[in-house]
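Just below is one structure, and these are the notes that go with it.
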Amino acid sequence: MLVSYNWLKELTPVEISAEELCHRLTMAGLEVSDLVSVGGELTSIRTARIIEISAHPRADRLSLCRVFDGERNFTVVCGARNMRQGDLVALACPGTLLPNGMKIESAEIRGFVSEGMLCSEEELRLEEKSAGIMILPPQIEPGKDLATSLRLKDYVLDIDLTPNRADCLSMVGLAREVAALCDTPVMLPPVDVGEEGDDIAQFVTVTIHEPALCPRYAARYVSDIAIKSSPLWMRRRLELSGIRPINNVVDVTNYILLEWGQPMHAFDYQLLDHGRIVVKPASLGDIFFTLDEKERILDEETLMICDASKYVAIGGIMGGLNTEIHNTTEAVLLESAYFNPQNISRTSKKLGLKTEASLRFEKGVNPETVGMALNRAAQLIAELAEGTVARGVIDAYPRPISRPSPVTINPQTVNRVLGTELSPQTMVFYLNRLGITVEDGDENGLVASIPSHRGDIKEDCDLIEEIARIHGYDHIPATLPSMAAAEESGKILFQRESHVRTFLANNGFSEVITYSFIAPENIEALLVPEDHQARRVTIISNPLSREQSVMRTTLIPGLLTTALENHNHKNVDLRLFEFGRVFCNKKEERLPEEKWMLGGLMCGVRAREAWNYAREEIDFYDIKGVVENIFHLFSLTDVTFHSDSTTPYLHPGISARITINGHCVGELGEIHPHVLDNFEISKKIFIFEIDFGKIIDYLSVGSEKAKPLPKFPPVYRDLALIVERNTENYSILRSIADAHVRYLDEVKLFDVYEGEPLGVGERSLAYRIKFQAPDKSLTDEEVNQLYEEIIAHLATKMKVKLRT
């Protein structure tokens with residue numbers, strides 16, 4: 001919002017500079033984004049009185065004017081005809097640079113030297129077009145600079161208001177704010193309407209069909225008006241506020257909008273059918289032409305202002321072309337109303353029509369300002385358009401709007417929240433400066449009555465903020481808030497997450513954050529059956545779009561969508577991970593079950609292309625190795641991977657189920673080709689998804705312990721077994737562990753072989769077994785005996801043959 005500093009000082013007599021005012025407003029939450037000085041270019045223009053006017057002897061259309069600037073006389077050749085002897089004018093002496101860029105010099109015109117120029121408002125950029133030179137008010141003294149005499153030198157503040165401060169969308173509202181910050185009085189504009197006409201009931205009737213959409217509609221009738229240009233002071237204030245002056249009547253309605261924050265409209269009374277005003281919704285598909293000469297297609301939610309036979313305005317947004325004020329207008333009907341903010345917002349968006357009026361109505365204007373603003377507008381039109389105001393006001397108010405409810409705050413709570421030691425009397429003083437009256441002022445509670453223009457104050461926290469603003473944020477001591485120690489479980493989860501994030505980042509992974517709300521089609525694309533857990537989605541009752549209409553039950557759709565987006569941008573080598581919640585609907589409970597999950601995705605090449613690296617694609621064992629290392633971070637030893645072909649969105653035979661102590665905690669594998677087709681991905685994708693919240697249950701605090709380096713050397717034996725092709729490595733390892741052989745330290749698979757001379761459906765698995773005693777060196781005889789125990793145990797428990 002653009003604000004004139006001079007205008008603001010008329011409403012509250014602040015003595016601080018414009019720069020200091022900007023600082024105080026910004027510190028109080030009304031950010032001033034820019035401060036511009038205006039009118040300084042007019043300080044070189046002097047006021048002068050015309051002493052004598054004579055005809056130019058060599059030019060019929062020129063005059064010779066002798067003017068006095070308070071110090072000396074000047075002779076100026078002038079082509080205008082609107083001045084008279086004794087008039088005060090704006091004189092540009094030789095050497096003056098005009099706002100339009102013209103430099104004035106002494107010049108000979110038809111044999112006479114012109115010592116300057118008498119300026120028009122157009123040349124001074126005070127008006128778009130001028131018919132003659134600028135005639136100044138008679139009370140101005142000659143010899144003064146024009147900017148000071150007409151108060152044209154000013155500052156314009158550009159204030160970025162927050163959405164809740166609708167009260168500051170007016171000069172009166174800002175004056176209240178500045179007065180509270182500077183502890184100065186507010187001087188409201190005088191309202192004194194001289195009603196000299198007949199009773200308004202003879203000219204106007206108002207009917208409201210939808211009180212919910214228009215709770216209040218007030219009107220006045222002004223006749224015998226003369227349409228002309230507004231005076232300079234009003235045009236200047238409108239222009240500095242970003243509004244183009246039009247004529248005196250329209251300018252008054254815009255001026256009231258700026259002054260009081262109350263949008264108004266003036267109808268040409270002669271163009272209103274029977275002087276009737278009917279407020280009702282439009283019919284679907286009706287067409288209406290607004291003042292901007294554009295066609296608007298209406299619906300049943302569009303509230304219209306009508307006369308006896310037609311639409312004349314879109315309520316609260318813009319008037320109609322059919323009742324526009326013209327130069328021939330002789331009488332006007334003035335509208336001042338309160339419209340439902342939500343309806344104005346919806347209508348404005350539907351029509352694509354944003355106006356200064358709709359901006360204020362949708363944020364909420366003060367309903368008690370309706371009558372005050374209407375009377376002020378009638379007064380100004382009577383003064384500036386020489387009109388006659390009819391007696392009385394039509395004020396249709398079928399559904400009165402209640403004032404904001406009183407709010408109670410506790411002084412101790414205020415000081416605890418702000419970290420201050422303010423007394424209750426000081427708090428009352430601050431609130432009174434904001435126009436908030438306080439009924440009780442003891443330490444047990446302050447009951448504050450909220451003025452109608454502060455509809456944003458609803459709770460005690462709002463009042464605490466107001467006290468902080470007036471006290472000054474810079475006067476509140478900087479203190480650290482008291483915080484309770486985090487629960488041990490939450491602390492452990494956070495630490496484990498940090499370890500995993502660091503590990504994955506160090507291994508080339510990038511963390512992504514995807515939406516918790518997804519499209520139902522994303523679940524369909526995973527090819528899960530109806531009874532699958534991924535189908536237990538929670539439906540959003542008021543989604544922003546269908547693409548965000550259900551809550552995710554798995555992280556996989558988000559990871560695949562991210563991969564697709566990267567592939568579309570030619571980024572095909574990916575390593576991604578995400579921590580996030582999934583939400584599984586439980587029919588027997590109202591709220592879904594939340595799980596804290598870790599998901600990962602890999603695709604593309606194993607390593608960046610280089611001269612010493614062969615180009616190899618990522619496979620199942622790459623992502624399995626990443627998951628194994630994640631569990632190694634936590635020293636989890638009972639983690640197993642079981643071949644699994646039941647997960648519908650994973651490739652059968654290239655997927656595994658992850659268990660800890662027999663309990664499933666996740667899955668990994670290659671995405672099923674049909675699922676990739678559904679997501680329009682052409683590359684192989686490998687993923688893992690782990691219930692991270694569940695694996696924390698298997699951790700014990702302080703379980704990581706260091707052990708001394710072995711003092712005695714290990715002994716190794718290799719064991720080659722012939723097994724059926726579908727035998728899992730895990731089953732062999734589990735069986736060896738179950739033998740409980742003494743001094744057995746480690747078993748590793750180091751070779752897998754298929755082919756001749758092995759039979760069809762067979763393969764060879766070769767293991768390296770490590771034996772080590774903590775207290776002695778093992779002999780070959782001891783190791784051979786332990787080795788035979790392992791072979792014997794395997795022979796009895798599994799279908800294996802020793803390969804020789």
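Lettering and numbering for the structure tokens are positional, with chains as A, B, ... in the shown order, residues counted from 1 in each chain, and ligands counted from 1 in the shown order.
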Please identify the strand (DSSP E) residues within segment 371-452 of chain A (assignment by DSSP from backbone atoms) and present them as a list in words.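 Selecting the strand (DSSP E) positions of segment 371-452 of chain A gives Thr388, Val389, Ala390, Arg391, Ile394, Asp395, Ala396, Val407, Thr408, Ile409, Thr437, Val438, Glu439, Asp440, Gly441, Asp442, Gly445, Leu446, Val447, Ala448 and Ser449 of chain A.
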Give me the residues near Glu594 of chain A as a PDB file with C-alpha atoms, in the first residue's frame, where near means some atom within 8 Å (using only C-alpha atoms) and where sequence neighbours in that chain fewer than 5 positions away do not count.
ATOM      1  CA  ARG A 581       5.880 -41.119   7.145  1.00  0.00           C
ATOM      2  CA  VAL A 582       3.371 -43.421   5.496  1.00  0.00           C
ATOM      3  CA  PHE A 583      -0.239 -43.698   6.601  1.00  0.00           C
ATOM      4  CA  CYS A 584      -2.106 -47.008   6.627  1.00  0.00           C
TER       5      CYS A 584
END
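Taking atom CA of Ile381 of chain A and atom CA of Ile225 of chain A as endpoints, the distance between them is 7.9 Å.
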List the spatial neighbours of Arg742 of chain A as number ranges by chain - criterion: any atom at most 9 Å away, only C-alpha atoms, same-chain residues fewer than 6 positions off excluded. A: 771, 773, 786
Writing out the chosen residues with all heavy atoms as an mmCIF file, in the first residue's frame:
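Once everything was written out, this is part_26.cif:
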data_model
loop_
_atom_site.group_PDB
_atom_site.id
_atom_site.type_symbol
_atom_site.label_atom_id
_atom_site.label_comp_id
_atom_site.auth_asym_id
_atom_site.auth_seq_id
_atom_site.Cartn_x
_atom_site.Cartn_y
_atom_site.Cartn_z
ATOM 1 N N PHE A 771 38.621 -69.892 12.017
ATOM 2 C CA PHE A 771 38.646 -70.361 13.398
ATOM 3 C C PHE A 771 39.674 -69.524 14.161
ATOM 4 O O PHE A 771 40.771 -69.255 13.660
ATOM 5 C CB PHE A 771 39.043 -71.841 13.462
ATOM 6 C CG PHE A 771 38.079 -72.754 12.764
ATOM 7 C CD1 PHE A 771 38.304 -73.146 11.444
ATOM 8 C CD2 PHE A 771 36.955 -73.226 13.412
ATOM 9 C CE1 PHE A 771 37.430 -73.993 10.793
ATOM 10 C CE2 PHE A 771 36.068 -74.073 12.758
ATOM 11 C CZ PHE A 771 36.296 -74.458 11.440
ATOM 12 N N ALA A 773 40.938 -68.784 18.455
ATOM 13 C CA ALA A 773 40.761 -68.921 19.903
ATOM 14 C C ALA A 773 41.307 -67.683 20.590
ATOM 15 O O ALA A 773 42.336 -67.137 20.168
ATOM 16 C CB ALA A 773 41.483 -70.156 20.415
ATOM 17 N N LEU A 786 37.187 -79.600 14.311
ATOM 18 C CA LEU A 786 36.061 -78.640 14.263
ATOM 19 C C LEU A 786 35.465 -78.577 12.858
ATOM 20 O O LEU A 786 34.239 -78.480 12.690
ATOM 21 C CB LEU A 786 36.551 -77.250 14.693
ATOM 22 C CG LEU A 786 37.100 -77.139 16.120
ATOM 23 C CD1 LEU A 786 37.679 -75.747 16.341
ATOM 24 C CD2 LEU A 786 36.021 -77.443 17.142
#
Surrounding residues of Ile732 of chain A excluding itself and chain neighbours under 6 positions, 12 Å, only C-alpha atoms, as a count of residues only: 24
With distances taken over only C-alpha atoms, which of A:Met234, A:Ala55, A:Leu744, A:Arg176 is nearest to Pro774 of chain A?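 Among A:Met234, A:Ala55, A:Leu744, A:Arg176, it is A:Leu744 that comes nearest to Pro774 of chain A.
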Pick out the residues sitting within 10 Å of segment 149-154 of chain A, and hand them over as a PyMOL selection string; count only C-alpha atoms, and ignore anything fewer than 2 positions along from it in its own chain. chain A and resi 4-7+18+36-43+46-47+126+136-137+139-147+156-157+232-233+236-237+240
Could you pull the residues within 8 Å of segment 500-505 of chain A, counting only C-alpha atoms, minus those fewer than 3 positions along the same chain, as a list in words?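 Final neighbour list, sorted by chain and number: Arg496, Glu497, Gly508, Phe509, Ser510, Glu511, Phe577, Ile630 and Leu633 of chain A.
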Calculated over only C-alpha atoms, which of the candidates A:Met264, A:Ile305, A:Ile539, A:Leu298 has the smallest distance to Arg360 of chain A? A:Met264
What does the distance from atom CA of Cys93 of chain A to atom CA of Glu239 of chain A come to in Å, to one decimal? 26.9 Å
Contacts of segment 349-357 of chain A at 6 Å (only C-alpha atoms; same-chain gap of 2+ positions) as a VMD selection string: chain A and resid 263 317 346 to 347 359 to 360
Selection from above, C-alpha atoms, as a short mmCIF file (atom, residue, chain, number, x, y, z; two decimals), in the first residue's frame, can you write it?
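File produced: selection-v2.cif:
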data_model
loop_
_atom_site.label_atom_id
_atom_site.label_comp_id
_atom_site.auth_asym_id
_atom_site.auth_seq_id
_atom_site.Cartn_x
_atom_site.Cartn_y
_atom_site.Cartn_z
CA PRO A 263 -15.03 0.83 -0.86
CA ILE A 317 -16.01 -5.66 -6.99
CA ARG A 346 -14.66 -16.58 -4.74
CA THR A 347 -16.36 -14.24 -7.20
CA LEU A 359 -9.10 -6.58 -2.02
CA ARG A 360 -10.57 -4.81 1.00
#
As a list of chain:residue names, please: all residues of segment 554-599 of chain A that backbone DSSP puts in alpha helix (DSSP H). A:Ile556, A:Pro557, A:Gly558, A:Leu559, A:Leu560, A:Thr561, A:Thr562, A:Ala563, A:Leu564, A:Glu565, A:Asn566, A:His567, A:Asn568
Here is a test: counting only C-alpha atoms, which residue of A:Val67, A:Leu62, A:Ala92, A:Val783 is nearest to Phe112 of chain A? A:Leu62
Length of the atom CA of Leu303 of chain A to atom CA of Leu284 of chain A vector [Å]: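 Interatomic distance, atom CA of Leu303 of chain A to atom CA of Leu284 of chain A: 11.6 Å.
Among the candidate residues A:Glu330, A:Gln425, A:Ala390, A:Ile246, the one lying nearest to Glu195 of chain A is A:Ala390, with distances computed using only C-alpha atoms.
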Pick from A:Gln379, A:Ala80, A:Phe688, A:Ser643 nearest to Val193 of chain A, counting only C-alpha atoms: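 Of A:Gln379, A:Ala80, A:Phe688, A:Ser643, the one nearest Val193 of chain A is A:Gln379, counting only C-alpha atoms.
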